[in-house]
$ cat start-v7.pdb   # PDB, C-alpha atoms
ATOM      1  CA  MET A  48     -16.186  16.272  21.576
ATOM      2  CA  ASP A  49     -18.499  17.395  18.784
ATOM      3  CA  VAL A  50     -19.479  14.607  16.352
ATOM      4  CA  GLU A  51     -18.490  16.695  13.320
ATOM      5  CA  LYS A  52     -15.011  17.295  14.770
ATOM      6  CA  VAL A  53     -14.575  13.566  15.383
ATOM      7  CA  LYS A  54     -15.586  12.827  11.794
ATOM      8  CA  ALA A  55     -13.176  15.470  10.457
ATOM      9  CA  TYR A  56     -10.412  14.031  12.667
ATOM     10  CA  ASN A  57     -11.170  10.519  11.328
ATOM     11  CA  ILE A  58     -10.865  11.760   7.746
ATOM     12  CA  PHE A  59      -7.564  13.515   8.507
ATOM     13  CA  ILE A  60      -6.083  10.418  10.177
ATOM     14  CA  LEU A  61      -7.283   8.242   7.278
ATOM     15  CA  GLY A  62      -5.491  10.544   4.829
ATOM     16  CA  ILE A  63      -2.267  10.472   6.873
ATOM     17  CA  VAL A  64      -2.312   6.674   7.132
ATOM     18  CA  PHE A  65      -2.922   6.215   3.401
ATOM     19  CA  MET A  66      -0.149   8.696   2.653
ATOM     20  CA  LEU A  67       2.284   6.738   4.842
ATOM     21  CA  ILE A  68       1.328   3.268   3.585
ATOM     22  CA  PHE A  69       1.508   4.276  -0.052
ATOM     23  CA  THR A  70       4.674   6.317   0.332
ATOM     24  CA  GLY A  71       6.290   2.994   1.167
ATOM     25  CA  PHE A  72       4.370   0.829  -1.276
ATOM     26  CA  ASN A  73       4.581   3.094  -4.329
ATOM     27  CA  THR A  74       8.243   3.866  -3.689
ATOM     28  CA  MET A  75       9.026   0.180  -3.279
ATOM     29  CA  THR A  76       7.250  -0.813  -6.469
ATOM     30  CA  GLY A  77       9.063   1.989  -8.290
ATOM     31  CA  ILE A  78      12.530   0.828  -7.266
ATOM     32  CA  GLN A  79      11.978  -2.931  -7.016
ATOM     33  CA  ALA A  80      13.449  -3.595 -10.478
ATOM     34  CA  MET A  81      16.704  -1.958  -9.350
ATOM     35  CA  ILE A  82      16.681  -3.890  -6.075
ATOM     36  CA  PHE A  83      15.952  -7.182  -7.818
ATOM     37  CA  MET A  84      18.716  -6.593 -10.380
ATOM     38  CA  SER A  85      21.148  -5.879  -7.535
ATOM     39  CA  ALA A  86      20.023  -9.034  -5.716
ATOM     40  CA  MET A  87      20.703 -11.135  -8.845
ATOM     41  CA  THR A  88      24.072  -9.576  -9.786
ATOM     42  CA  GLU A  89      26.978 -11.314  -8.061
ATOM     43  CA  ASP A  90      29.372  -8.366  -7.986
ATOM     44  CA  SER A  91      26.783  -5.930  -6.602
ATOM     45  CA  GLY A  92      26.609  -4.988  -2.953
ATOM     46  CA  GLY A  93      23.103  -6.451  -2.661
ATOM     47  CA  TYR A  94      23.615  -9.929  -4.111
ATOM     48  CA  VAL A  95      21.358 -12.629  -2.635
ATOM     49  CA  GLU A  96      22.251 -16.161  -3.662
ATOM     50  CA  GLY A  97      19.381 -18.002  -5.307
ATOM     51  CA  PHE A  98      17.144 -14.959  -5.828
ATOM     52  CA  HIS A  99      15.484 -14.816  -9.243
ATOM     53  CA  GLY A 100      12.454 -12.579  -8.604
ATOM     54  CA  ASN A 101      10.786 -10.568 -11.314
ATOM     55  CA  GLY A 102       8.884  -7.357 -10.574
ATOM     56  CA  PHE A 103       6.574  -7.777 -13.565
ATOM     57  CA  ILE A 104       5.515 -11.246 -12.444
ATOM     58  CA  SER A 105       5.085  -9.919  -8.915
ATOM     59  CA  SER A 106       2.802  -7.107 -10.125
ATOM     60  CA  ALA A 107       0.834  -9.527 -12.291
ATOM     61  CA  ILE A 108       0.229 -11.735  -9.249
ATOM     62  CA  VAL A 109      -0.802  -8.737  -7.108
ATOM     63  CA  TYR A 110      -3.390  -7.502  -9.589
ATOM     64  CA  ALA A 111      -4.682 -10.937 -10.630
ATOM     65  CA  VAL A 112      -5.369 -11.814  -6.992
ATOM     66  CA  PHE A 113      -6.727  -8.281  -6.431
ATOM     67  CA  SER A 114      -9.273  -8.839  -9.212
ATOM     68  CA  VAL A 115     -10.535 -12.081  -7.735
ATOM     69  CA  SER A 116     -10.429 -10.868  -4.112
ATOM     70  CA  SER A 117     -12.486  -7.797  -4.963
ATOM     71  CA  TRP A 118     -15.537 -10.052  -5.027
ATOM     72  CA  VAL A 119     -14.981 -11.043  -1.394
ATOM     73  CA  ALA A 120     -13.844  -7.700   0.096
ATOM     74  CA  PRO A 121     -17.330  -6.276   0.833
ATOM     75  CA  SER A 122     -18.234  -9.398   2.815
ATOM     76  CA  VAL A 123     -15.022  -9.148   4.839
ATOM     77  CA  ILE A 124     -15.778  -5.508   5.634
ATOM     78  CA  SER A 125     -19.363  -6.234   6.649
ATOM     79  CA  TRP A 126     -18.029  -8.919   8.986
ATOM     80  CA  THR A 127     -15.103  -6.957  10.509
ATOM     81  CA  GLY A 128     -16.172  -3.348  10.064
ATOM     82  CA  PRO A 129     -14.122  -0.805   8.121
ATOM     83  CA  ARG A 130     -11.577   0.019  10.843
ATOM     84  CA  LEU A 131     -10.438  -3.537  11.468
ATOM     85  CA  ALA A 132     -10.527  -4.260   7.731
ATOM     86  CA  MET A 133      -8.228  -1.289   7.073
ATOM     87  CA  VAL A 134      -5.818  -2.457   9.775
ATOM     88  CA  LEU A 135      -5.790  -5.933   8.228
ATOM     89  CA  GLY A 136      -5.321  -4.574   4.707
ATOM     90  CA  GLY A 137      -2.562  -2.219   5.880
ATOM     91  CA  MET A 138      -0.716  -5.056   7.595
ATOM     92  CA  LEU A 139      -0.808  -7.069   4.376
ATOM     93  CA  TYR A 140       0.743  -4.134   2.510
ATOM     94  CA  ILE A 141       3.453  -3.865   5.167
ATOM     95  CA  GLN A 142       4.385  -7.554   4.851
ATOM     96  CA  TYR A 143       4.792  -7.061   1.111
ATOM     97  CA  MET A 144       7.123  -4.108   1.612
ATOM     98  CA  ALA A 145       9.069  -5.952   4.321
ATOM     99  CA  GLN A 146       9.966  -8.810   1.977
ATOM    100  CA  LEU A 147      12.384  -6.423   0.249
ATOM    101  CA  LEU A 148      14.599  -6.347   3.339
ATOM    102  CA  TYR A 149      15.995  -9.722   2.304
ATOM    103  CA  PRO A 150      14.825 -10.737  -1.170
ATOM    104  CA  ASN A 151      13.565 -14.289  -1.504
ATOM    105  CA  THR A 152      11.891 -15.437  -4.712
ATOM    106  CA  TYR A 153       9.230 -17.557  -3.021
ATOM    107  CA  LEU A 154       8.420 -14.933  -0.388
ATOM    108  CA  LEU A 155       8.162 -12.294  -3.113
ATOM    109  CA  TYR A 156       5.485 -14.208  -5.000
ATOM    110  CA  ILE A 157       3.647 -15.362  -1.863
ATOM    111  CA  GLY A 158       3.752 -11.777  -0.550
ATOM    112  CA  SER A 159       2.408 -10.581  -3.903
ATOM    113  CA  ALA A 160      -0.598 -12.866  -3.570
ATOM    114  CA  ILE A 161      -1.155 -11.814   0.043
ATOM    115  CA  VAL A 162      -1.123  -8.089  -0.803
ATOM    116  CA  GLY A 163      -3.472  -8.913  -3.675
ATOM    117  CA  VAL A 164      -5.941 -10.142  -1.058
ATOM    118  CA  GLY A 165      -5.358  -7.134   1.214
ATOM    119  CA  SER A 166      -5.669  -4.422  -1.427
ATOM    120  CA  PRO A 167      -9.385  -4.682  -2.182
ATOM    121  CA  ILE A 168     -10.115  -5.022   1.521
ATOM    122  CA  LEU A 169      -8.167  -1.841   2.285
ATOM    123  CA  TRP A 170      -9.639   0.187  -0.574
ATOM    124  CA  THR A 171     -13.237  -0.928  -0.056
ATOM    125  CA  ALA A 172     -12.998  -0.314   3.696
ATOM    126  CA  GLN A 173     -11.538   3.127   3.007
ATOM    127  CA  GLY A 174     -14.520   4.059   0.850
ATOM    128  CA  ASN A 175     -16.905   2.738   3.474
ATOM    129  CA  PHE A 176     -15.097   4.643   6.233
ATOM    130  CA  ILE A 177     -15.229   7.890   4.257
ATOM    131  CA  SER A 178     -18.960   7.465   3.672
ATOM    132  CA  LEU A 179     -19.582   6.733   7.367
ATOM    133  CA  ASN A 180     -17.727   9.908   8.321
ATOM    134  CA  SER A 181     -19.415  12.116   5.738
ATOM    135  CA  ASP A 182     -22.810  13.443   4.849
ATOM    136  CA  LYS A 183     -24.204  14.878   1.637
ATOM    137  CA  ALA A 184     -22.510  18.221   2.303
ATOM    138  CA  THR A 185     -19.044  16.832   3.188
ATOM    139  CA  ILE A 186     -18.566  13.695   1.061
ATOM    140  CA  CYS A 187     -16.808  15.507  -1.825
ATOM    141  CA  ARG A 188     -14.568  17.478   0.499
ATOM    142  CA  ASN A 189     -13.669  14.427   2.580
ATOM    143  CA  SER A 190     -12.946  12.290  -0.467
ATOM    144  CA  GLY A 191     -10.775  15.091  -1.842
ATOM    145  CA  ILE A 192      -8.831  15.437   1.402
ATOM    146  CA  VAL A 193      -8.049  11.721   1.565
ATOM    147  CA  TRP A 194      -7.231  11.558  -2.154
ATOM    148  CA  ALA A 195      -4.917  14.606  -1.985
ATOM    149  CA  MET A 196      -3.060  13.194   1.014
ATOM    150  CA  PHE A 197      -2.806   9.818  -0.731
ATOM    151  CA  GLN A 198      -1.370  11.455  -3.862
ATOM    152  CA  THR A 199       1.241  13.223  -1.722
ATOM    153  CA  SER A 200       2.744   9.771  -1.181
ATOM    154  CA  THR A 201       4.109   9.759  -4.728
ATOM    155  CA  PHE A 202       5.895  13.061  -4.194
ATOM    156  CA  LEU A 203       7.325  11.992  -0.829
ATOM    157  CA  GLY A 204       8.468   8.635  -2.206
ATOM    158  CA  ASN A 205      10.223  10.261  -5.136
ATOM    159  CA  VAL A 206      11.946  12.777  -2.863
ATOM    160  CA  PHE A 207      13.116   9.890  -0.661
ATOM    161  CA  THR A 208      14.372   7.955  -3.694
ATOM    162  CA  TYR A 209      16.220  10.979  -5.033
ATOM    163  CA  PHE A 210      18.132  11.565  -1.805
ATOM    164  CA  MET A 211      18.667   7.869  -1.082
ATOM    165  CA  PHE A 212      20.127   7.029  -4.490
ATOM    166  CA  ASN A 213      21.495  10.416  -5.552
ATOM    167  CA  GLY A 214      24.791   9.868  -7.377
ATOM    168  CA  GLU A 215      24.581   6.051  -7.476
TER     169      GLU A 215
END
$ encode --input "start-v7.pdb" --output "structure tokens"
Amino acid sequence: MDVEKVKAYNIFILGIVFMLIFTGFNTMTGIQAMIFMSAMTEDSGGYVEGFHGNGFISSAIVYAVFSVSSWVAPSVISWTGPRLAMVLGGMLYIQYMAQLLYPNTYLLYIGSAIVGVGSPILWTAQGNFISLNSDKATICRNSGIVWAMFQTSTFLGNVFTYFMFNGE
């Protein structure tokens, strides 16, 4: 297969994967306040005894750890390579989303810290991967393709939320 076709395929797959990961992540962060309120309200259908999580504290933990971990992310990527780093970062996002299946205050905050470590790894590896699969003539196009597919995640997540919670 032609090298340019492989690079274009890599960019397309990267865009699809980012769209899927962030459809889940952005949707989850958008509705987590509603989920947490349901988990703390005894007469709701989603009550979880002992849960007292707070989405604002969770986000603060994510981005505080993200800020500190950003200093280490390039070293991780140089050690693992961008593909493995993106898989690792993606898995850390998935664990954060999965903790909503059964809310637990401690797991929420631990998961927030873990995704805070994974985020800069994922984003830095993504930039490295785009640059490895681009040249001077294709870097803008490839960045635009990945960014447009990533931004589609917001639309898809909102459509999902609308149909999932329509009338409730």
$ resolve_selection --input "start-v7.pdb" --expression "the PyMOL selection byres ((chain A and resi 100-102) around 10)" --output "ChimeraX atom specification"
/A:76-84,86-87,97-99,103-108,150-156,159
$ resolve_selection --input "start-v7.pdb" --expression "the PyMOL selection byres ((chain A and resi 199) around 12)" --output "list in words"
Gly62, Ile63, Val64, Phe65, Met66, Leu67, Ile68, Phe69, Thr70, Gly71, Asn73, Thr74, Ile192, Val193, Trp194, Ala195, Met196, Phe197, Gln198, Ser200, Thr201, Phe202, Leu203, Gly204, Asn205 and Val206 of chain A
$ closest_residue --input "start-v7.pdb" --among "A:Trp118, A:Trp170, A:Phe113, A:Tyr149" --to "Leu135 of chain A" --atoms "only C-alpha atoms"
A:Trp170
$ closest_residue --input "start-v7.pdb" --among "A:Val95, A:Ile161, A:Met75, A:Ile58" --to "Gln142 of chain A" --atoms "all atoms listed in the file"
A:Ile161
$ axis_aligned_box --input "start-v7.pdb" --around "segment 75-89 of chain A" --padding-each-side "6 Å" --output "JSON"
{"center_x": 17.1, "center_y": -4.7, "center_z": -6.9, "size_x": 31.7, "size_y": 25.3, "size_z": 19.2}
$ residues_around --input "start-v7.pdb" --residues "Ala120 of chain A" --least-positions-apart "4" --cutoff "12 Å" --atoms "all atoms listed in the file" --output "list in words"
Val112, Phe113, Ser114, Val115, Ser116, Ile124, Ser125, Trp126, Thr127, Gly128, Pro129, Ala132, Met133, Leu135, Gly136, Gly163, Val164, Gly165, Ser166, Pro167, Ile168, Leu169, Trp170, Thr171, Ala172, Gln173, Gly174 and Asn175 of chain A
$ atom_distance --input "start-v7.pdb" --atom1 "atom CA of Leu179 of chain A" --atom2 "atom CA of Tyr143 of chain A"
28.7 Å
$ atom_distance --input "start-v7.pdb" --atom1 "atom CA of Ile186 of chain A" --atom2 "atom CA of Phe72 of chain A"
26.4 Å
$ atom_distance --input "start-v7.pdb" --atom1 "atom CA of Phe207 of chain A" --atom2 "atom CA of Gly191 of chain A"
24.5 Å
$ closest_residue --input "start-v7.pdb" --among "A:Ala55, A:Met144, A:Met48, A:Leu131" --to "Ser181 of chain A" --atoms "only C-alpha atoms"
A:Ala55
$ closest_residue --input "start-v7.pdb" --among "A:Ser117, A:Asn189, A:Asn180, A:Asn213" --to "Val53 of chain A" --atoms "all atoms listed in the file"
A:Asn180
$ decode --input "start-v7.pdb" --residues "segment 120-134 of chain A" --atoms "all heavy atoms" --output "compact mmCIF listing (two decimals), in the first residue's frame"
# COMPACT_ATOMS: atom_id res chain seq x y z
N ALA A 120 4.21 14.13 30.29
CA ALA A 120 3.65 13.48 29.09
C ALA A 120 4.64 13.31 27.94
O ALA A 120 4.71 12.22 27.36
CB ALA A 120 2.39 14.22 28.63
N PRO A 121 5.43 14.31 27.58
CA PRO A 121 6.37 14.10 26.47
C PRO A 121 7.38 12.98 26.73
O PRO A 121 7.73 12.22 25.81
CB PRO A 121 7.08 15.46 26.33
CG PRO A 121 6.12 16.44 26.90
CD PRO A 121 5.43 15.71 28.02
N SER A 122 7.80 12.83 27.97
CA SER A 122 8.74 11.74 28.30
C SER A 122 8.07 10.39 28.16
O SER A 122 8.69 9.43 27.68
CB SER A 122 9.26 11.92 29.72
OG SER A 122 9.97 13.12 29.83
N VAL A 123 6.81 10.30 28.58
CA VAL A 123 6.06 9.04 28.45
C VAL A 123 5.95 8.67 26.97
O VAL A 123 6.17 7.51 26.58
CB VAL A 123 4.67 9.15 29.10
CG1 VAL A 123 3.81 7.93 28.77
CG2 VAL A 123 4.80 9.33 30.60
N ILE A 124 5.65 9.65 26.13
CA ILE A 124 5.46 9.40 24.71
C ILE A 124 6.78 9.02 24.04
O ILE A 124 6.82 8.14 23.17
CB ILE A 124 4.80 10.60 24.03
CG1 ILE A 124 3.38 10.73 24.58
CG2 ILE A 124 4.78 10.47 22.52
CD1 ILE A 124 2.81 12.09 24.49
N SER A 125 7.88 9.64 24.46
CA SER A 125 9.16 9.26 23.87
C SER A 125 9.57 7.85 24.29
O SER A 125 10.28 7.16 23.56
CB SER A 125 10.25 10.27 24.23
OG SER A 125 10.56 10.20 25.59
N TRP A 126 9.08 7.41 25.43
CA TRP A 126 9.39 6.07 25.92
C TRP A 126 8.49 5.02 25.26
O TRP A 126 8.95 3.95 24.88
CB TRP A 126 9.23 6.05 27.43
CG TRP A 126 9.52 4.73 28.08
CD1 TRP A 126 10.68 4.01 28.02
CD2 TRP A 126 8.62 3.97 28.89
NE1 TRP A 126 10.56 2.85 28.74
CE2 TRP A 126 9.30 2.80 29.29
CE3 TRP A 126 7.32 4.17 29.32
CZ2 TRP A 126 8.72 1.84 30.09
CZ3 TRP A 126 6.75 3.21 30.13
CH2 TRP A 126 7.45 2.06 30.50
N THR A 127 7.18 5.31 25.13
CA THR A 127 6.22 4.32 24.61
C THR A 127 5.95 4.45 23.12
O THR A 127 5.52 3.49 22.49
CB THR A 127 4.86 4.45 25.32
OG1 THR A 127 4.31 5.74 25.04
CG2 THR A 127 4.99 4.25 26.81
N GLY A 128 6.14 5.64 22.58
CA GLY A 128 5.71 5.91 21.21
C GLY A 128 4.28 6.42 21.24
O GLY A 128 3.54 6.19 22.21
N PRO A 129 3.87 7.15 20.21
CA PRO A 129 2.55 7.78 20.25
C PRO A 129 1.37 6.80 20.22
O PRO A 129 0.36 7.04 20.86
CB PRO A 129 2.54 8.69 19.02
CG PRO A 129 3.57 8.13 18.12
CD PRO A 129 4.60 7.50 19.00
N ARG A 130 1.50 5.69 19.51
CA ARG A 130 0.37 4.75 19.44
C ARG A 130 0.05 4.14 20.80
O ARG A 130 -1.10 4.16 21.24
CB ARG A 130 0.65 3.64 18.43
CG ARG A 130 0.56 4.07 17.01
CD ARG A 130 0.86 2.89 16.10
NE ARG A 130 1.10 3.35 14.76
CZ ARG A 130 0.35 3.01 13.72
NH1 ARG A 130 -0.66 2.20 13.89
NH2 ARG A 130 0.63 3.47 12.54
N LEU A 131 1.04 3.60 21.45
CA LEU A 131 0.82 2.99 22.76
C LEU A 131 0.39 4.04 23.79
O LEU A 131 -0.47 3.78 24.62
CB LEU A 131 2.08 2.26 23.24
CG LEU A 131 1.97 1.50 24.55
CD1 LEU A 131 0.83 0.49 24.52
CD2 LEU A 131 3.28 0.81 24.89
N ALA A 132 0.96 5.23 23.69
CA ALA A 132 0.57 6.31 24.60
C ALA A 132 -0.90 6.68 24.40
O ALA A 132 -1.62 6.92 25.38
CB ALA A 132 1.46 7.53 24.38
N MET A 133 -1.37 6.71 23.15
CA MET A 133 -2.78 7.01 22.92
C MET A 133 -3.68 5.90 23.43
O MET A 133 -4.76 6.18 23.97
CB MET A 133 -3.04 7.28 21.43
CG MET A 133 -2.53 8.62 20.97
SD MET A 133 -3.01 9.06 19.30
CE MET A 133 -2.08 7.87 18.33
N VAL A 134 -3.27 4.66 23.30
CA VAL A 134 -4.06 3.55 23.84
C VAL A 134 -4.14 3.68 25.36
O VAL A 134 -5.22 3.57 25.95
CB VAL A 134 -3.46 2.19 23.43
CG1 VAL A 134 -4.10 1.04 24.21
CG2 VAL A 134 -3.61 1.96 21.93
